[in-house]
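Since the structure comes first, as structure tokens, the remarks are kept for the end.
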Protein chains: 2
Amino acid sequence: MTDQKYSELAIEKIAKTKINDVDFDNINFGRKFTDHMFYCDFIDGAWQQPKIVPYQPMTLEPSARALHYGQAVFEGMKAYKDDNGNAFLFRPEDNHRRINISAARLAMPEFPKEYFMEGLTTLMKMDKDWIKPGVGNSLYVRPFMFAIDPAIAAAPSEAYRFMIICSPAKAYYTSKIRVLFSEKYSRSADGGVGYAKAAGNYAAQFYPTGLAQKRGYQQIIWTDAKTHEFLEEAGTMNIFFRVNDTLLTAPISDRILDGITRKSVIQLAEDSNIPVEVRRVTVSEIKEAATNGSLKEIFGAGTAAVISPISAFEHGGEVFEIPDTENSYALRLKKQLLDIQHNLSEDKHGWRYEVK
Amino acid sequence: MTDQKYSELAIEKIAKTKINDVDFDNINFGRKFTDHMFYCDFIDGAWQQPKIVPYQPMTLEPSARALHYGQAVFEGMKAYKDDNGNAFLFRPEDNHRRINISAARLAMPEFPKEYFMEGLTTLMKMDKDWIKPGVGNSLYVRPFMFAIDPAIAAAPSEAYRFMIICSPAKAYYTSKIRVLFSEKYSRSADGGVGYAKAAGNYAAQFYPTGLAQKRGYQQIIWTDAKTHEFLEEAGTMNIFFRVNDTLLTAPISDRILDGITRKSVIQLAEDSNIPVEVRRVTVSEIKEAATNGSLKEIFGAGTAAVISPISAFEHGGEVFEIPDTENSYALRLKKQLLDIQHNLSEDKHGWRYEVK
């Protein structure tokens, strides 16, 4: 991308905002979108002029390669507003870096940082009224890229579209959830695409998750495909275990997403002198800890979910309930994270990115 | 689907055929499409009226779930014509069965057989002139289904589109190919979606295949993710090994596609009294057979590729050339298959499906 000559961002504003049609107190996640969207097409080996236009449907060929071969990657991030009306993103450059890592694994072109950051911040400014103040409110921001080349040969596309769309959000999981440790199904293989935010990784989880939901579990904690003995991630969240006073979480690998919330949680825990062990966590040690009472908490960490406490897990036909704990790490870390995101506390790691 | 009330197929014909714009002697696979396409939408829990309309772009929301979470499956099949102008499909009911198996794994609804077969055969009749006679010519038929629900929550879509589009084709690989046995990257995991024709399975192969291509190998033979010791499939083809006079091929599993060409080849081999062993095939036995001269052939089998002979493989930094063999199984089986498909020989298993 280094030889790319940059085109100026073109802007077409909506005639009349749709914001008054939205009931912000009753948001169904991911179904309402803001007034504008960003897009940029990759054609003939180069990114074309980036544009912000009114949010609208698009025209796609039935042969568009994304629909046949799954060349599609995405990111999830959130914008927040403080009580003075200032808007912030959280570590957006990490989302840019990661979507390019995902793209490379799916043989897609990198999207230039200049286009990403200018498109993102301009879109945030244009749709700033859609970011509502108050902890728990946010604007979910979805950058994504997909193959649009109209050809059904099983090979990388020659044309792509990069887009950013935005949807107002409340917290994703509102109460504690119950999870199943996977014993049969898998999310990803060694040498596969599990570390990428590749579209196909998500559809692959829906069927087994549906089976779990029928049995009263909201999510699956995926284990390694090889042995099902190591606890990896939850598909939409990374996973942390608190045994006595130590936090355990799996190291990132080619099967596990390098979560931005995950690494922020690790940093915040270390800042609070909470011992953190980033190492492979076994099903058997967590079952043993649950049995002898040393398992104090399990929680998920992800952009959509923020931090999501887990009240029980099932494995091998046995259900393990996790009693409420005083001095919950999950609640403390969630508050610290939200306070930084909403400009309510010092941001000593420079994670807040003010939109101005 | 059993309670579905069937709607009649609606047909809108193209005003003027595009067939005269196509140079059938110089076909670039998968880039030209016939005059018509079939589609049917799943909305509010039911398949709506199926339609055949002129081939055309479609309107899709940026939030259409297929683009974000990869809920997309497909099939590949071919139509053939004999010298008397009769057109045939090859085992199309197997494609219908398989797309529903793929759909179920991705938490998508089954598409009714009645709609599939009527849409398919009507489309074949309407675009019959696009099926050219002569062995090597065919019309590639692409049924596919994808999520259209405009919502970016990571959960199964509530709306889907099923389509069939058709593209004139020549043989996919025209000369012998060289392949790499995978030692690092993987196509699928135990408990994953490798057996489904899921869109995401294909994008995941592009990057490692590109690395192989830079080194002069057209395809990768995927090995099991766990040990990389078992030879599985090639992503667009199943794989057969001839050691002395015996054919070896991997059994289908949750990682390996149940190929229609694969099972036809096994049947044709058995009909010819060729010993076939369907069992796990190890990298080490194939290297040993290549070294001691008992490895006579390797070939791929798939709808697009038909039967594709392989002239060499690399593993562990060593290249093994496979000398041409007299009395090639690959060529004999390919001829038998094409003769049945083109109505040039007896069809004792009832695989031909005449379009009339």
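In the structure tokens, chains take the letters A, B, ... in the order shown, each chain's residues start at 1, and ligands count up from 1 in the order shown.
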Determine, for each residue of chain A having at least one atom at most 8 Å from an atom of chain B, the closest pair of atoms and their separation in Å to one decimal, counting only C-alpha atoms; order by chain and ascending number, as CSV.
residue,atom,partner,partner_atom,distance
A:Phe29,CA,B:Ala153,CA,6.2
A:Gly30,CA,B:Ile152,CA,4.7
A:Arg31,CA,B:Ala151,CA,4.7
A:Gln56,CA,B:Glu61,CA,7.1
A:Pro57,CA,B:Glu61,CA,4.4
A:Met58,CA,B:Leu60,CA,5.5
A:Thr59,CA,B:Thr59,CA,4.6
A:Leu60,CA,B:Met58,CA,5.4
A:Glu61,CA,B:Pro57,CA,4.4
A:Pro62,CA,B:Pro57,CA,6.1
A:Ala66,CA,B:Leu67,CA,6.9
A:Leu67,CA,B:Ala72,CA,6.2
A:His68,CA,B:Ala199,CA,5.2
A:Tyr69,CA,B:Ala199,CA,4.1
A:Gly70,CA,B:Gly200,CA,4.3
A:Gln71,CA,B:Ala203,CA,5.1
A:Ala72,CA,B:Leu67,CA,6.2
A:Val73,CA,B:His68,CA,7.0
A:Phe74,CA,B:His68,CA,6.6
A:Ala104,CA,B:Tyr207,CA,7.4
A:Arg105,CA,B:Tyr207,CA,5.8
A:Leu106,CA,B:Ala203,CA,5.6
A:Ala107,CA,B:Tyr207,CA,4.8
A:Phe144,CA,B:His68,CA,7.4
A:Phe146,CA,B:Leu67,CA,6.8
A:Pro150,CA,B:Arg31,CA,6.7
A:Ala151,CA,B:Arg31,CA,4.7
A:Ile152,CA,B:Gly30,CA,4.7
A:Ala153,CA,B:Gly30,CA,5.4
A:Ala154,CA,B:Tyr202,CA,7.0
A:Ala155,CA,B:Phe206,CA,6.3
A:Pro156,CA,B:Phe206,CA,6.2
A:Ile165,CA,B:Pro62,CA,7.8
A:Lys184,CA,B:Gly191,CA,5.7
A:Tyr185,CA,B:Gly191,CA,3.9
A:Ser186,CA,B:Gly191,CA,4.8
A:Arg187,CA,B:Gly192,CA,6.3
A:Ser188,CA,B:Ala189,CA,6.1
A:Ala189,CA,B:Ala189,CA,4.8
A:Asp190,CA,B:Ala225,CA,6.0
A:Gly191,CA,B:Tyr185,CA,3.9
A:Gly192,CA,B:Ser186,CA,5.1
A:Val193,CA,B:Ala204,CA,6.3
A:Ala198,CA,B:Tyr69,CA,7.7
A:Ala199,CA,B:Tyr69,CA,4.1
A:Gly200,CA,B:Gly200,CA,4.2
A:Asn201,CA,B:Tyr69,CA,7.2
A:Tyr202,CA,B:Tyr69,CA,5.0
A:Ala203,CA,B:Gln71,CA,5.1
A:Ala204,CA,B:Leu106,CA,5.7
A:Gln205,CA,B:Leu106,CA,7.6
A:Phe206,CA,B:Ala107,CA,5.9
A:Tyr207,CA,B:Ala107,CA,4.8
A:Gly210,CA,B:Ala107,CA,8.0
A:Ala225,CA,B:Asp190,CA,6.0
A:Lys226,CA,B:Lys226,CA,5.7
A:Thr236,CA,B:Ala154,CA,7.8
Practice item. Can you pull out every residue within 10 Å of Ser264 (chain B), counting only C-alpha atoms, but drop anything in the same chain fewer than 2 positions away, and send it as a PyMOL selection string? Key: chain B and resi 91+259-262+266-270+301+333+337+349+351
Could you save those same residues with C-alpha atoms as a PDB file, in the first residue's frame?
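Here's the written file selection_11.pdb:
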ATOM      1  CA  ARG B  91     -26.649 -36.837  -9.656  1.00  0.00           C
ATOM      2  CA  GLY B 259     -17.589 -35.500  -2.850  1.00  0.00           C
ATOM      3  CA  ILE B 260     -20.036 -36.649  -5.521  1.00  0.00           C
ATOM      4  CA  THR B 261     -17.187 -37.186  -7.997  1.00  0.00           C
ATOM      5  CA  ARG B 262     -15.281 -39.014  -5.228  1.00  0.00           C
ATOM      6  CA  ILE B 266     -15.012 -45.278  -6.095  1.00  0.00           C
ATOM      7  CA  GLN B 267     -18.035 -46.943  -7.720  1.00  0.00           C
ATOM      8  CA  LEU B 268     -16.502 -46.906 -11.205  1.00  0.00           C
ATOM      9  CA  ALA B 269     -13.259 -48.360  -9.864  1.00  0.00           C
ATOM     10  CA  GLU B 270     -15.127 -51.144  -8.134  1.00  0.00           C
ATOM     11  CA  ALA B 301     -11.629 -35.714  -8.138  1.00  0.00           C
ATOM     12  CA  LEU B 333     -11.852 -43.281 -14.817  1.00  0.00           C
ATOM     13  CA  LEU B 337     -17.123 -40.538 -15.978  1.00  0.00           C
ATOM     14  CA  HIS B 349     -26.167 -46.617 -11.663  1.00  0.00           C
ATOM     15  CA  TRP B 351     -26.555 -41.083 -12.334  1.00  0.00           C
TER      16      TRP B 351
END
Exercise for review: Can you list, as a ChimeraX atom specification, all residues belonging to region 121-344 of chain A that DSSP tags as alpha helix (DSSP H)?
Suggested key: /A:121-126,199-214,260-271,283-292,329-341
Check your understanding: Running DSSP on the backbone, which parts of region 154-250 of chain A land in strand (DSSP E or B), as number ranges by chain?
Key -> A: 160-169, 177-181, 198, 219-223, 230-233, 238-243, 246-249
Can I get the selected residues back with N, CA and C atoms, as a compact mmCIF listing (two decimals), in the first residue's frame?
# COMPACT_ATOMS: atom_id res chain seq x y z
N TYR A 160 -12.58 -5.58 -3.80
CA TYR A 160 -13.07 -5.63 -2.42
C TYR A 160 -13.78 -4.34 -2.08
N ARG A 161 -14.64 -4.42 -1.06
CA ARG A 161 -15.23 -3.20 -0.49
C ARG A 161 -14.92 -3.17 1.00
N PHE A 162 -14.45 -2.01 1.45
CA PHE A 162 -14.25 -1.76 2.88
C PHE A 162 -15.35 -0.81 3.33
N MET A 163 -16.01 -1.12 4.44
CA MET A 163 -17.09 -0.27 4.91
C MET A 163 -16.99 -0.06 6.42
N ILE A 164 -17.59 1.02 6.88
CA ILE A 164 -17.83 1.20 8.32
C ILE A 164 -19.29 1.60 8.49
N ILE A 165 -19.99 0.80 9.28
CA ILE A 165 -21.37 1.14 9.63
C ILE A 165 -21.46 1.19 11.16
N CYS A 166 -22.46 1.89 11.68
CA CYS A 166 -22.53 2.15 13.12
C CYS A 166 -23.94 1.91 13.63
N SER A 167 -24.00 1.32 14.81
CA SER A 167 -25.29 0.95 15.37
C SER A 167 -25.31 1.25 16.86
N PRO A 168 -26.30 2.05 17.34
CA PRO A 168 -26.33 2.35 18.78
C PRO A 168 -26.54 1.08 19.60
N ALA A 169 -25.88 1.01 20.76
CA ALA A 169 -25.88 -0.23 21.55
C ALA A 169 -26.04 0.02 23.03
N ILE A 177 -24.25 -15.21 32.67
CA ILE A 177 -24.61 -16.25 31.72
C ILE A 177 -24.06 -17.61 32.17
N ARG A 178 -24.66 -18.65 31.63
CA ARG A 178 -24.23 -20.02 31.88
C ARG A 178 -23.59 -20.54 30.60
N VAL A 179 -22.53 -21.28 30.74
CA VAL A 179 -21.77 -21.72 29.55
C VAL A 179 -21.51 -23.23 29.58
N LEU A 180 -21.26 -23.75 28.38
CA LEU A 180 -20.91 -25.16 28.19
C LEU A 180 -19.46 -25.21 27.74
N PHE A 181 -18.66 -26.08 28.34
CA PHE A 181 -17.30 -26.31 27.82
C PHE A 181 -17.42 -27.32 26.68
N ALA A 198 -12.56 -13.56 10.88
CA ALA A 198 -13.06 -13.99 9.58
C ALA A 198 -14.53 -14.35 9.72
N GLN A 219 -23.73 -19.57 25.99
CA GLN A 219 -22.51 -19.55 25.17
C GLN A 219 -21.75 -20.85 25.36
N ILE A 220 -20.84 -21.10 24.40
CA ILE A 220 -19.91 -22.23 24.52
C ILE A 220 -18.51 -21.68 24.79
N ILE A 221 -17.81 -22.27 25.72
CA ILE A 221 -16.37 -21.99 25.82
C ILE A 221 -15.68 -23.06 24.97
N TRP A 222 -15.02 -22.59 23.92
CA TRP A 222 -14.37 -23.53 23.00
C TRP A 222 -13.09 -24.06 23.60
N THR A 223 -12.89 -25.34 23.40
CA THR A 223 -11.66 -25.99 23.81
C THR A 223 -10.85 -26.30 22.56
N PHE A 230 -8.00 -28.01 26.71
CA PHE A 230 -7.57 -26.65 27.00
C PHE A 230 -8.68 -25.66 26.68
N LEU A 231 -8.93 -24.74 27.60
CA LEU A 231 -10.00 -23.76 27.44
C LEU A 231 -9.47 -22.58 26.63
N GLU A 232 -10.16 -22.21 25.56
CA GLU A 232 -9.59 -21.22 24.65
C GLU A 232 -10.33 -19.89 24.66
N GLU A 233 -11.47 -19.80 23.99
CA GLU A 233 -12.22 -18.54 23.99
C GLU A 233 -13.69 -18.85 23.74
N ASN A 238 -13.03 -13.33 24.80
CA ASN A 238 -11.97 -14.11 25.44
C ASN A 238 -12.43 -14.46 26.86
N ILE A 239 -11.76 -15.42 27.48
CA ILE A 239 -12.25 -15.93 28.76
C ILE A 239 -11.17 -15.84 29.83
N PHE A 240 -11.60 -15.39 31.02
CA PHE A 240 -10.72 -15.30 32.19
C PHE A 240 -11.27 -16.17 33.32
N PHE A 241 -10.37 -16.79 34.05
CA PHE A 241 -10.73 -17.61 35.21
C PHE A 241 -10.01 -17.04 36.42
N ARG A 242 -10.73 -16.85 37.50
CA ARG A 242 -10.07 -16.42 38.74
C ARG A 242 -10.02 -17.62 39.68
N VAL A 243 -8.80 -18.09 39.96
CA VAL A 243 -8.60 -19.19 40.91
C VAL A 243 -7.90 -18.58 42.12
N THR A 246 -5.79 -15.31 41.66
CA THR A 246 -5.03 -15.20 40.42
C THR A 246 -5.97 -15.30 39.21
N LEU A 247 -5.71 -14.42 38.24
CA LEU A 247 -6.47 -14.49 36.97
C LEU A 247 -5.70 -15.35 35.98
N LEU A 248 -6.41 -16.27 35.33
CA LEU A 248 -5.82 -17.12 34.30
C LEU A 248 -6.51 -16.84 32.97
N THR A 249 -5.74 -16.77 31.92
CA THR A 249 -6.35 -16.70 30.58
C THR A 249 -5.40 -17.33 29.57
**Study point:** Residues near Ala15 (chain B), cut-off 10 Å, only C-alpha atoms, skip fewer than 3 positions along chain, as an MDAnalysis selection string
**Key:** chainID B and resid 12 18 35 54
